[in-house]
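Structure file work.cif with mmCIF, C-alpha atoms:
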```cif
data_protein
#
loop_
_atom_site.label_atom_id
_atom_site.label_comp_id
_atom_site.auth_asym_id
_atom_site.auth_seq_id
_atom_site.Cartn_x
_atom_site.Cartn_y
_atom_site.Cartn_z
CA MET A 282 7.12 25.24 -9.59
CA THR A 283 3.34 25.58 -9.80
CA ARG A 284 1.05 24.56 -6.97
CA LYS A 285 -0.06 21.53 -8.99
CA GLN A 286 3.54 20.44 -9.62
CA HIS A 287 4.32 20.97 -5.93
CA PHE A 288 1.42 18.71 -4.95
CA TYR A 289 2.38 15.87 -7.29
CA ILE A 290 6.05 16.02 -6.32
CA ILE A 291 5.20 15.85 -2.61
CA LEU A 292 2.77 13.00 -3.36
CA ILE A 293 5.43 10.92 -5.12
CA LEU A 294 8.13 11.67 -2.55
CA GLY A 295 5.69 10.69 0.19
CA ALA A 296 4.88 7.46 -1.65
CA LEU A 297 8.59 6.66 -1.91
CA CYS A 298 8.90 7.14 1.84
CA THR A 299 6.07 4.66 2.52
CA VAL A 300 7.60 1.76 0.58
CA SER A 301 9.73 0.53 3.47
CA PRO A 302 7.21 1.17 6.31
CA PHE A 303 4.56 -0.78 4.39
CA SER A 304 7.08 -3.52 3.63
CA ILE A 305 7.89 -3.83 7.34
CA ASP A 306 4.36 -3.70 8.75
CA MET A 307 1.99 -5.03 6.11
CA TYR A 308 3.03 -8.69 6.29
CA LEU A 309 3.18 -8.90 10.11
CA PRO A 310 -0.39 -10.30 10.49
CA GLY A 311 0.59 -13.12 8.14
CA PHE A 312 3.41 -14.52 10.30
CA PRO A 313 1.45 -17.57 11.56
CA ALA A 314 0.23 -18.44 8.04
CA ILE A 315 3.73 -18.01 6.58
CA ALA A 316 5.21 -20.27 9.25
CA GLN A 317 2.57 -22.91 8.59
CA ASP A 318 2.90 -22.79 4.79
CA LEU A 319 6.70 -22.90 4.84
CA ASN A 320 6.77 -25.59 7.54
CA THR A 321 8.84 -23.51 9.96
CA THR A 322 8.47 -21.50 13.18
CA ILE A 323 7.38 -17.91 13.70
CA SER A 324 10.81 -17.14 15.15
CA GLN A 325 12.35 -18.19 11.84
CA VAL A 326 9.89 -16.01 9.94
CA GLN A 327 10.88 -13.09 12.18
CA LEU A 328 14.39 -13.37 10.74
CA SER A 329 12.94 -12.12 7.46
CA LEU A 330 12.12 -8.86 9.29
CA THR A 331 15.65 -8.71 10.69
CA ALA A 332 17.03 -9.24 7.19
CA TYR A 333 14.92 -6.36 5.92
CA LEU A 334 16.19 -3.97 8.62
CA ILE A 335 19.80 -4.95 7.89
CA GLY A 336 19.17 -4.37 4.20
CA ILE A 337 17.75 -0.89 4.84
CA SER A 338 20.74 0.19 6.92
CA ALA A 339 23.32 -1.15 4.46
CA GLY A 340 21.43 -0.16 1.32
CA GLN A 341 21.20 3.50 2.23
CA LEU A 342 24.99 3.75 2.30
CA LEU A 343 25.06 2.14 -1.14
CA TYR A 344 22.59 4.53 -2.77
CA GLY A 345 24.12 7.75 -1.45
CA PRO A 346 27.16 7.66 -3.77
CA LEU A 347 25.08 6.25 -6.66
CA LEU A 348 22.59 9.12 -6.45
CA ASP A 349 25.43 11.65 -6.48
CA ARG A 350 27.30 9.95 -9.35
CA TYR A 351 24.44 9.03 -11.73
CA GLY A 352 21.82 11.59 -10.78
CA ARG A 353 18.58 10.81 -8.96
CA LYS A 354 16.49 8.81 -11.41
CA ARG A 355 18.76 6.02 -12.70
CA PRO A 356 19.59 4.56 -9.24
CA LEU A 357 15.95 5.06 -8.27
CA TYR A 358 14.75 3.07 -11.28
CA ALA A 359 17.21 0.28 -10.47
CA GLY A 360 16.16 0.16 -6.82
CA MET A 361 12.42 0.11 -7.55
CA LEU A 362 12.82 -2.63 -10.17
CA LEU A 363 14.86 -4.73 -7.72
CA TYR A 364 12.16 -4.21 -5.10
CA ILE A 365 9.41 -5.34 -7.48
CA LEU A 366 11.30 -8.48 -8.52
CA ALA A 367 12.19 -9.34 -4.92
CA SER A 368 8.55 -8.82 -3.85
CA ILE A 369 7.42 -11.29 -6.51
CA GLY A 370 10.14 -13.64 -5.26
CA CYS A 371 8.74 -13.33 -1.72
CA ALA A 372 5.24 -14.10 -2.95
CA PHE A 373 6.27 -17.32 -4.67
CA THR A 374 8.98 -18.57 -2.33
CA ASN A 375 8.68 -22.10 -0.93
CA SER A 376 11.19 -21.96 1.95
CA VAL A 377 11.90 -19.62 4.83
CA ASP A 378 15.56 -19.31 3.81
CA ALA A 379 14.51 -18.08 0.39
CA LEU A 380 12.06 -15.67 2.00
CA ILE A 381 14.83 -14.25 4.20
CA ALA A 382 17.08 -13.77 1.15
CA MET A 383 14.28 -12.15 -0.88
CA ARG A 384 13.42 -9.81 1.99
CA PHE A 385 17.05 -8.66 2.17
CA LEU A 386 17.01 -7.93 -1.59
CA GLN A 387 13.63 -6.25 -1.21
CA ALA A 388 15.12 -3.89 1.39
CA ILE A 389 18.17 -3.14 -0.76
CA GLY A 390 15.82 -2.09 -3.54
CA GLY A 391 13.21 -0.32 -1.44
CA CYS A 392 15.56 1.90 0.53
CA ALA A 393 16.49 3.67 -2.73
CA GLY A 394 13.22 5.55 -2.32
CA MET A 395 14.03 6.63 1.23
CA VAL A 396 17.41 8.11 0.28
CA ALA A 397 16.28 9.59 -3.03
CA ALA A 398 13.24 11.29 -1.45
CA GLN A 399 15.46 13.13 1.05
CA ALA A 400 17.97 14.08 -1.64
CA TYR A 401 15.14 15.34 -3.87
CA VAL A 402 13.92 17.62 -1.07
CA ARG A 403 17.37 19.22 -0.97
CA ASP A 404 17.42 19.47 -4.78
CA LEU A 405 13.96 20.89 -5.47
CA PHE A 406 13.12 23.16 -2.54
CA PRO A 407 14.82 26.22 -1.04
CA VAL A 408 16.66 25.57 2.21
CA LYS A 409 14.10 27.62 4.16
CA GLU A 410 11.27 25.35 2.94
CA THR A 411 12.92 21.96 3.48
CA ALA A 412 11.81 21.66 7.12
CA LYS A 413 8.16 22.11 6.04
CA VAL A 414 8.55 19.49 3.31
CA PHE A 415 10.18 17.05 5.74
CA SER A 416 7.27 17.65 8.14
CA THR A 417 4.86 16.54 5.42
CA LEU A 418 6.94 13.44 4.66
CA THR A 419 7.19 12.66 8.39
CA LEU A 420 3.39 12.82 8.57
CA VAL A 421 3.10 10.31 5.70
CA ILE A 422 5.58 7.96 7.36
CA ALA A 423 3.77 8.27 10.70
CA VAL A 424 0.43 7.29 9.13
CA SER A 425 1.90 4.16 7.49
CA PRO A 426 2.17 2.01 10.66
CA MET A 427 -1.49 2.72 11.39
CA VAL A 428 -2.68 1.64 7.95
CA ALA A 429 -0.27 -1.11 6.88
CA PRO A 430 -1.00 -3.81 9.52
CA THR A 431 -4.76 -3.33 9.13
CA VAL A 432 -4.61 -3.60 5.35
CA GLY A 433 -2.25 -6.56 5.63
CA GLY A 434 -4.60 -8.34 8.01
CA TYR A 435 -7.59 -8.03 5.68
CA VAL A 436 -5.55 -9.04 2.62
CA THR A 437 -4.09 -12.07 4.41
CA ALA A 438 -7.51 -13.18 5.63
CA ALA A 439 -9.12 -12.80 2.19
CA PHE A 440 -6.39 -13.88 -0.22
CA GLY A 441 -3.50 -15.36 1.81
CA TRP A 442 -0.11 -13.93 2.76
CA HIS A 443 1.29 -14.29 -0.79
CA ALA A 444 -1.09 -11.56 -1.96
CA VAL A 445 0.54 -9.04 0.39
CA PHE A 446 3.78 -9.16 -1.57
CA VAL A 447 1.96 -9.08 -4.91
CA ILE A 448 0.15 -5.91 -3.79
CA LEU A 449 3.44 -4.36 -2.63
CA ALA A 450 4.91 -5.07 -6.07
CA LEU A 451 1.91 -3.53 -7.85
CA ILE A 452 1.94 -0.41 -5.66
CA THR A 453 5.65 0.07 -6.29
CA ALA A 454 5.09 -0.35 -10.04
CA LEU A 455 2.59 2.54 -9.89
CA ILE A 456 5.09 4.65 -7.96
CA LEU A 457 7.69 3.85 -10.62
CA LEU A 458 5.35 5.22 -13.29
CA GLY A 459 4.92 8.38 -11.24
CA ILE A 460 8.70 8.76 -10.98
CA TYR A 461 9.06 8.44 -14.75
CA PHE A 462 6.25 10.77 -15.81
CA VAL A 463 6.04 13.35 -13.00
CA LEU A 464 9.18 13.58 -10.89
CA PRO A 465 11.82 16.02 -12.20
CA GLN A 466 15.39 14.94 -12.83
CA GLY A 467 16.71 16.68 -9.72
CA LYS A 468 20.46 17.04 -9.41
CA PRO A 469 22.13 15.96 -12.66
CA ALA A 470 24.71 13.21 -12.89
CA ASP A 471 28.20 14.17 -11.75
CA PRO A 472 30.79 12.05 -13.62
CA SER A 473 33.54 13.45 -11.40
CA MET A 474 32.09 11.58 -8.41
CA SER A 475 34.09 8.35 -8.19
CA LEU A 476 32.54 5.09 -6.99
CA LYS A 477 35.85 3.57 -5.96
CA PRO A 478 35.78 2.55 -2.28
CA LYS A 479 38.45 5.06 -1.32
CA ALA A 480 36.60 7.91 -3.05
CA VAL A 481 33.23 6.86 -1.60
CA LEU A 482 34.65 6.72 1.92
CA SER A 483 36.30 10.06 1.29
CA ASN A 484 32.93 11.58 0.37
CA PHE A 485 31.33 10.11 3.49
CA TRP A 486 34.19 11.51 5.57
CA LEU A 487 33.71 14.91 3.95
CA VAL A 488 30.09 14.86 5.03
CA LEU A 489 30.88 13.63 8.55
CA ARG A 490 33.47 16.36 9.01
CA ASN A 491 30.82 19.03 8.61
CA PRO A 492 29.90 20.09 12.18
CA GLN A 493 26.31 20.99 11.29
CA PHE A 494 25.64 17.61 9.69
CA LEU A 495 27.29 15.69 12.51
CA VAL A 496 25.46 17.54 15.27
CA TYR A 497 21.97 17.53 13.79
CA SER A 498 22.15 14.02 12.36
CA LEU A 499 23.19 12.73 15.79
CA VAL A 500 20.48 14.78 17.50
CA GLY A 501 17.89 13.56 15.01
CA GLY A 502 19.12 9.97 15.05
CA ILE A 503 19.23 9.59 18.83
CA ALA A 504 16.24 11.71 19.84
CA ALA A 505 14.10 10.32 17.03
CA ALA A 506 14.90 6.77 18.19
CA ALA A 507 12.53 7.15 21.16
CA PRO A 508 9.54 5.80 19.14
CA PHE A 509 11.61 2.67 18.38
CA ALA A 510 11.78 2.05 22.13
CA TYR A 511 8.02 2.55 22.36
CA ILE A 512 7.33 0.21 19.42
CA ALA A 513 9.67 -2.45 20.82
CA GLY A 514 8.30 -2.30 24.37
CA SER A 515 4.61 -1.47 23.98
CA PRO A 516 3.31 -4.96 23.02
CA ASP A 517 4.78 -6.46 26.20
CA VAL A 518 3.76 -3.50 28.37
CA PHE A 519 0.14 -3.35 27.28
CA MET A 520 -0.67 -6.99 26.48
CA ASN A 521 1.39 -8.76 29.16
CA ILE A 522 1.49 -6.21 32.01
CA TYR A 523 -1.84 -4.41 31.57
CA LYS A 524 -3.53 -7.48 30.02
CA VAL A 525 -5.26 -5.77 27.11
CA SER A 526 -6.42 -7.86 24.16
CA GLU A 527 -4.84 -7.75 20.71
CA GLN A 528 -7.77 -5.71 19.44
CA GLN A 529 -7.47 -3.23 22.30
CA TYR A 530 -3.74 -2.96 21.71
CA GLY A 531 -4.45 -2.11 18.07
CA TRP A 532 -6.65 0.78 19.19
CA ILE A 533 -4.02 1.93 21.69
CA PHE A 534 -1.38 1.89 18.95
CA ALA A 535 -3.67 3.89 16.67
CA ILE A 536 -4.50 6.48 19.34
CA LEU A 537 -0.85 7.05 20.23
CA SER A 538 -0.01 7.28 16.53
CA VAL A 539 -2.21 10.37 16.41
CA ALA A 540 0.46 12.12 18.51
CA LEU A 541 3.08 11.29 15.87
CA ILE A 542 0.76 12.41 13.09
CA GLY A 543 -0.35 15.68 14.66
CA SER A 544 3.01 17.05 15.76
CA PRO A 545 4.42 17.57 12.22
CA GLN A 546 1.41 19.80 11.58
CA LEU A 547 2.34 21.89 14.62
CA ASN A 548 5.80 22.16 13.15
CA HIS A 549 4.33 23.77 10.03
CA LEU A 550 2.77 26.47 12.22
CA PHE A 551 5.85 27.02 14.37
CA LEU A 552 8.10 27.44 11.32
CA ARG A 553 6.18 30.59 10.42
CA ARG A 554 7.59 32.34 13.50
CA TYR A 555 10.60 30.35 14.68
CA THR A 556 13.73 28.81 13.18
CA SER A 557 14.35 25.07 13.00
CA GLU A 558 17.11 25.42 15.60
CA GLN A 559 14.71 27.06 18.07
CA ILE A 560 11.99 24.47 17.48
CA ILE A 561 14.35 21.51 18.02
CA LYS A 562 15.62 22.96 21.29
CA ALA A 563 12.10 23.69 22.58
CA GLY A 564 10.83 20.27 21.48
CA LEU A 565 13.62 18.39 23.24
CA LEU A 566 13.23 20.45 26.42
CA TYR A 567 9.50 19.68 26.38
CA GLN A 568 10.12 15.95 25.89
CA THR A 569 12.76 15.92 28.61
CA VAL A 570 10.30 17.36 31.16
CA VAL A 571 7.51 14.98 30.12
CA GLY A 572 10.00 12.09 30.04
CA ALA A 573 11.09 12.84 33.61
CA PHE A 574 7.47 12.58 34.82
CA LEU A 575 7.02 9.45 32.74
CA VAL A 576 10.09 7.65 34.09
CA TYR A 577 9.66 8.63 37.74
CA GLY A 578 5.92 7.96 37.66
CA VAL A 579 6.43 4.45 36.29
CA TYR A 580 9.23 3.82 38.81
CA ALA A 581 6.99 4.99 41.69
CA ASP A 582 4.00 3.05 40.26
CA TRP A 583 1.85 6.16 40.01
CA TYR A 584 0.05 5.41 36.77
CA SER A 585 -2.86 3.26 35.76
CA ILE A 586 -3.04 2.36 32.08
CA THR A 587 -4.93 5.61 31.45
CA GLY A 588 -2.25 7.72 33.11
CA LEU A 589 0.51 5.94 31.19
CA LEU A 590 -1.32 6.50 27.91
CA ILE A 591 -1.71 10.22 28.62
CA LEU A 592 2.00 10.65 29.42
CA LEU A 593 3.04 8.61 26.37
CA PHE A 594 0.75 10.70 24.16
CA LEU A 595 2.24 13.93 25.52
CA PHE A 596 5.78 12.62 25.05
CA LEU A 597 5.25 11.42 21.48
CA SER A 598 3.54 14.72 20.60
CA GLY A 599 6.96 16.37 20.69
CA GLN A 600 8.52 13.90 18.30
CA GLY A 601 7.38 15.65 15.12
CA LEU A 602 9.26 18.77 16.15
CA THR A 603 12.65 17.06 16.17
CA SER A 604 12.84 14.74 13.18
CA PRO A 605 11.90 17.05 10.25
CA ASN A 606 13.92 20.01 11.53
CA SER A 607 17.01 17.91 12.24
CA SER A 608 16.75 16.39 8.75
CA ALA A 609 16.54 19.82 7.13
CA LEU A 610 19.48 21.19 9.11
CA SER A 611 21.58 18.07 8.48
CA LEU A 612 21.23 18.34 4.70
CA ALA A 613 21.32 22.15 4.43
CA PRO A 614 25.13 22.46 3.99
CA PHE A 615 25.21 20.08 1.02
CA ALA A 616 24.34 20.42 -2.63
CA ARG A 617 26.89 18.28 -4.42
CA HIS A 618 27.00 15.56 -1.74
CA ALA A 619 23.31 15.61 -0.77
CA GLY A 620 22.89 11.94 -1.71
CA SER A 621 25.76 10.79 0.48
CA ALA A 622 24.54 13.01 3.32
CA ALA A 623 20.98 11.64 3.08
CA ALA A 624 22.32 8.07 3.04
CA LEU A 625 24.48 8.60 6.12
CA MET A 626 21.63 10.30 7.97
CA GLY A 627 19.15 7.51 7.17
CA SER A 628 21.59 4.73 7.98
CA LEU A 629 22.45 6.39 11.30
CA ARG A 630 18.79 6.63 12.28
CA MET A 631 18.06 3.00 11.44
CA GLY A 632 21.20 1.89 13.27
CA VAL A 633 20.34 3.84 16.41
CA GLY A 634 16.75 2.59 16.22
CA ALA A 635 17.96 -1.02 16.08
CA MET A 636 20.23 -0.48 19.11
CA VAL A 637 17.42 1.19 21.05
CA SER A 638 15.06 -1.69 20.33
CA ALA A 639 17.71 -4.15 21.50
CA ALA A 640 18.27 -2.12 24.69
CA VAL A 641 14.58 -2.36 25.60
CA SER A 642 14.74 -6.14 25.20
CA LEU A 643 17.97 -6.48 27.21
CA LEU A 644 16.60 -4.36 30.09
CA HIS A 645 13.30 -6.26 30.23
CA ASN A 646 12.21 -6.71 33.86
CA GLY A 647 8.47 -7.25 33.65
CA THR A 648 7.58 -3.56 34.06
CA ALA A 649 7.16 -0.56 31.75
CA LEU A 650 10.34 1.02 33.17
CA PRO A 651 12.80 -0.20 30.49
CA MET A 652 10.61 1.20 27.71
CA VAL A 653 10.07 4.65 29.22
CA LEU A 654 13.65 4.86 30.56
CA VAL A 655 15.16 4.28 27.12
CA MET A 656 12.71 6.79 25.63
CA GLY A 657 13.75 9.40 28.18
CA LEU A 658 17.46 8.69 27.71
CA CYS A 659 17.12 9.19 23.95
CA THR A 660 15.70 12.67 24.50
CA VAL A 661 18.20 13.69 27.18
CA THR A 662 21.12 12.47 25.07
CA GLY A 663 19.82 14.33 22.03
CA LEU A 664 19.42 17.52 24.06
CA ALA A 665 22.96 17.23 25.46
CA ILE A 666 24.40 16.75 21.95
CA LEU A 667 22.39 19.75 20.74
CA PHE A 668 23.75 22.08 23.42
CA ILE A 669 27.35 20.90 23.13
CA GLY A 670 27.34 20.67 19.34
CA GLY A 671 25.46 23.94 18.93
CA ASN A 672 28.28 25.75 20.73
CA VAL A 673 30.84 24.09 18.43
CA ILE A 674 28.92 25.22 15.33
CA LYS A 675 28.62 28.75 16.70
CA ARG A 676 32.35 28.96 17.38
CA ARG A 677 33.12 27.70 13.86
CA LEU A 678 30.82 30.31 12.32
CA ASP A 679 32.26 33.11 14.46
CA LYS A 680 35.77 32.11 13.46
CA ALA A 681 34.84 32.02 9.77
CA ILE A 682 33.28 35.48 10.01
CA GLU A 683 36.37 36.85 11.75
CA GLU A 684 38.61 35.44 9.03
CA GLU A 685 36.47 37.01 6.32
CA VAL A 686 36.41 40.49 7.82
CA ALA A 687 40.00 40.52 9.13
CA PRO A 688 42.10 43.23 7.39
CA GLU A 689 44.84 42.06 5.09
CA PRO A 690 48.34 42.38 6.56
CA SER A 691 50.23 45.46 5.34
CA LEU A 692 53.31 44.90 3.20
#
```

Represent the structure contained in this file as structure tokens.
Amino acid sequence: MTRKQHFYIILILGALCTVSPFSIDMYLPGFPAIAQDLNTTISQVQLSLTAYLIGISAGQLLYGPLLDRYGRKRPLYAGMLLYILASIGCAFTNSVDALIAMRFLQAIGGCAGMVAAQAYVRDLFPVKETAKVFSTLTLVIAVSPMVAPTVGGYVTAAFGWHAVFVILALITALILLGIYFVLPQGKPADPSMSLKPKAVLSNFWLVLRNPQFLVYSLVGGIAAAAPFAYIAGSPDVFMNIYKVSEQQYGWIFAILSVALIGSPQLNHLFLRRYTSEQIIKAGLLYQTVVGAFLVYGVYADWYSITGLLILLFLFLSGQGLTSPNSSALSLAPFARHAGSAAALMGSLRMGVGAMVSAAVSLLHNGTALPMVLVMGLCTVTGLAILFIGGNVIKRRLDKAIEEEVAPEPSL
């Protein structure tokens, strides 16, 4: 492809990846207004966020087989149209129950973009380039949480919370036009791929049986869940323990997001000299060391808010070295089943992220220890899986090579 085509394809794939982050974060500033307008409580409105997360996790498993069976574009069109209709439904709903239902449908539609974008990367780019492409997409996703709440706050203040969902629908309609006019077809439809439950489960099992997918999807899913622990715990840590204002917390969130944004760019540079396997191992070792200082320092009450921010920034700076490389290595073995593999990988990450967020809440003790402890455990667990699983993959490859070069038995 030409440089211009490359740019537009990355732009559209990045836009697809932002649909769900914007849908999660952009309406958060409107929670009080939504509760007031719908005559309910903020806790009830929060269930609409829970419904969206459930929809993302379940929807990704749905789109994997559809993308493999019908090609990339037809399921993507269906998902984007469902998202637009559900967004309009959210904008004009008159009850919290209806909002919850519309948000679930919105997630089912929106997550088509997440799965399709990853499958497209496997379709359109050589295996050696996929880690670089995933780094770019990771950068786009990392920027979204910085932008979405700010934009949502201004829109809600100026036009009301309904306008947030109208804007989401309009943005997605523009993305849909880009998909139609610019994005290539990708992998063609495969009529031999059955959508019967037994066949779908069989395809998922085929993907899960691949040692490389299993190892790197688990490493990526668990190690990359550390930011979920940070997101879940940081409001309580900074606003309740360190007593910063909401505005100050917004700046803290933005500053720490720079670590998530900058690290994928480092990954681009490292990939010129090192393999994805080497970068993941080095990144997890780095985060493990920083995480140890973070956990013990919080336990021993060493850090002021400045010290905690510095350690968190250093820890999160390693995050962009794990996620894109693990994604590339997870999908590398698949061509025919790339959609199913992308769906399983995405669903696993959202599932682990939900469990990590719940763990931070369950361990709440009025200190920053639960947040940093769960972050550190994510990294250590990911590193352990990498070492153990890496040995399994190596043994499988060595065995395959031996079988290929073994002399045929004489008659």

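CA of Ile365 in chain A to CA of Ala635 in chain A spans 25.4 Å [interatomic distance, one decimal].
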
ask   = For Ile315 in chain A, which residue among A:Ala429, A:Val445, A:Ala505, A:Ile337 is the nearest when counting only C-alpha atoms?
value =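 Smallest distance to Ile315 in chain A is found for A:Val445.
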
task = Have a look at A:Ile452, A:Val396, A:Leu489, A:Ala573 and name the one nearest to Leu362 in chain A; count only C-alpha atoms.
result =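 Smallest distance to Leu362 in chain A is found for A:Ile452.
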
inquiry  = Running the PyMOL selection byres ((chain A and resi 510-519) around 7) on this model by hand, what would come out? Give it as number ranges by chain.
reply    = A: 506-509, 520-525, 530, 637-638, 641, 648-649, 652, 655-656

note = One residue among A:Gly632, A:Gly627, A:Pro302, A:Gly564 is nearest to Gly599 in chain A when using only C-alpha atoms, and that residue is A:Gly564

Between CA of Cys371 in chain A and CA of Gly295 in chain A, distance in Å (one decimal) = 24.3 Å

inquiry  = as number ranges by chain, please: the residues near range 286-288 of chain A (cut-off 12 Å, all atoms listed in the file, same-chain neighbours under 6 positions excluded).
reply    = A: 294-295, 402, 405-406, 414, 417, 462-465

task = Please check which residues have atoms at most 12 Å from (34.5, 7.0, 0.1) in the file's coordinates, counting only C-alpha atoms, and write them as an MDAnalysis selection string.
result = chainID A and resid 342:343 345:347 474:489 618 621 625

Within 9 Å of Leu499 in chain A using all atoms listed in the file, minus same-chain residues under 4 positions, as a ChimeraX atom specification = /A:494-495,503-504,607,626,629-630,663,666-667

key: Gap from CA of Phe415 in chain A to CA of Ala609 in chain A - Å, one decimal   = 7.1 Å

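Of the residues listed (A:Ala444, A:Val496, A:Leu654, A:Leu593), A:Ala444 shows the shortest atom-to-atom separation from Met307 in chain A; distances use all atoms listed in the file.
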
Top pick for closest residue to Thr331 in chain A, considering A:Gly670, A:Ile591, A:Lys354, A:Ile305 and counting only C-alpha atoms = A:Ile305

inquiry  = Calculated over only C-alpha atoms, which of the candidates A:Tyr351, A:Phe385, A:Tyr584, A:Phe534 has the smallest distance to Leu363 in chain A?
reply    =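 The answer is A:Phe385, which sits nearest to Leu363 in chain A.
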
Where does range 432-525 of chain A meet range 357-361 of chain A within 8 Å, residue by residue, with the nearest atom pair and distance in Å to one decimal for each, counting all atoms listed in the file, listed by chain and rising number, as a Markdown table?
```
| residue | atom | partner | partner_atom | distance |
| --- | --- | --- | --- | --- |
| A:Thr453 | CA | A:Met361 | CA | 6.9 |
| A:Ala454 | CA | A:Met361 | CA | 7.8 |
| A:Leu457 | CA | A:Met361 | CA | 6.8 |
```

Pull C-alpha atoms for range 595-634 of chain A from the block and write them as a CSV table (one decimal), in the first residue's frame.
```
chain,number,residue,atom,x,y,z
A,595,LEU,CA,7.4,5.2,36.1
A,596,PHE,CA,5.3,2.1,36.5
A,597,LEU,CA,2.7,3.1,33.8
A,598,SER,CA,5.6,4.0,31.4
A,599,GLY,CA,6.2,0.3,30.9
A,600,GLN,CA,2.6,-0.5,30.0
A,601,GLY,CA,3.0,0.4,26.3
A,602,LEU,CA,5.7,-2.2,25.9
A,603,THR,CA,3.4,-5.1,26.9
A,604,SER,CA,0.0,-4.6,25.3
A,605,PRO,CA,0.9,-4.0,21.6
A,606,ASN,CA,3.6,-6.7,21.5
A,607,SER,CA,1.4,-9.3,23.2
A,608,SER,CA,-1.5,-8.5,20.8
A,609,ALA,CA,0.8,-8.9,17.8
A,610,LEU,CA,2.2,-12.2,19.1
A,611,SER,CA,-1.3,-13.5,20.1
A,612,LEU,CA,-2.7,-13.0,16.6
A,613,ALA,CA,0.5,-13.9,14.6
A,614,PRO,CA,-0.4,-17.7,14.3
A,615,PHE,CA,-3.8,-17.0,12.7
A,616,ALA,CA,-4.9,-16.1,9.3
A,617,ARG,CA,-8.2,-17.9,8.8
A,618,HIS,CA,-9.3,-17.6,12.4
A,619,ALA,CA,-8.0,-14.1,13.1
A,620,GLY,CA,-11.5,-12.8,13.9
A,621,SER,CA,-12.1,-15.4,16.5
A,622,ALA,CA,-8.6,-14.9,18.0
A,623,ALA,CA,-9.1,-11.1,18.2
A,624,ALA,CA,-12.5,-11.6,19.8
A,625,LEU,CA,-11.1,-14.0,22.5
A,626,MET,CA,-8.2,-11.8,23.2
A,627,GLY,CA,-10.4,-8.7,23.6
A,628,SER,CA,-13.0,-10.5,25.7
A,629,LEU,CA,-10.2,-11.9,28.0
A,630,ARG,CA,-8.7,-8.4,28.5
A,631,MET,CA,-12.0,-6.8,29.4
A,632,GLY,CA,-12.9,-9.7,31.7
A,633,VAL,CA,-9.6,-9.5,33.6
A,634,GLY,CA,-9.9,-5.8,33.8
```
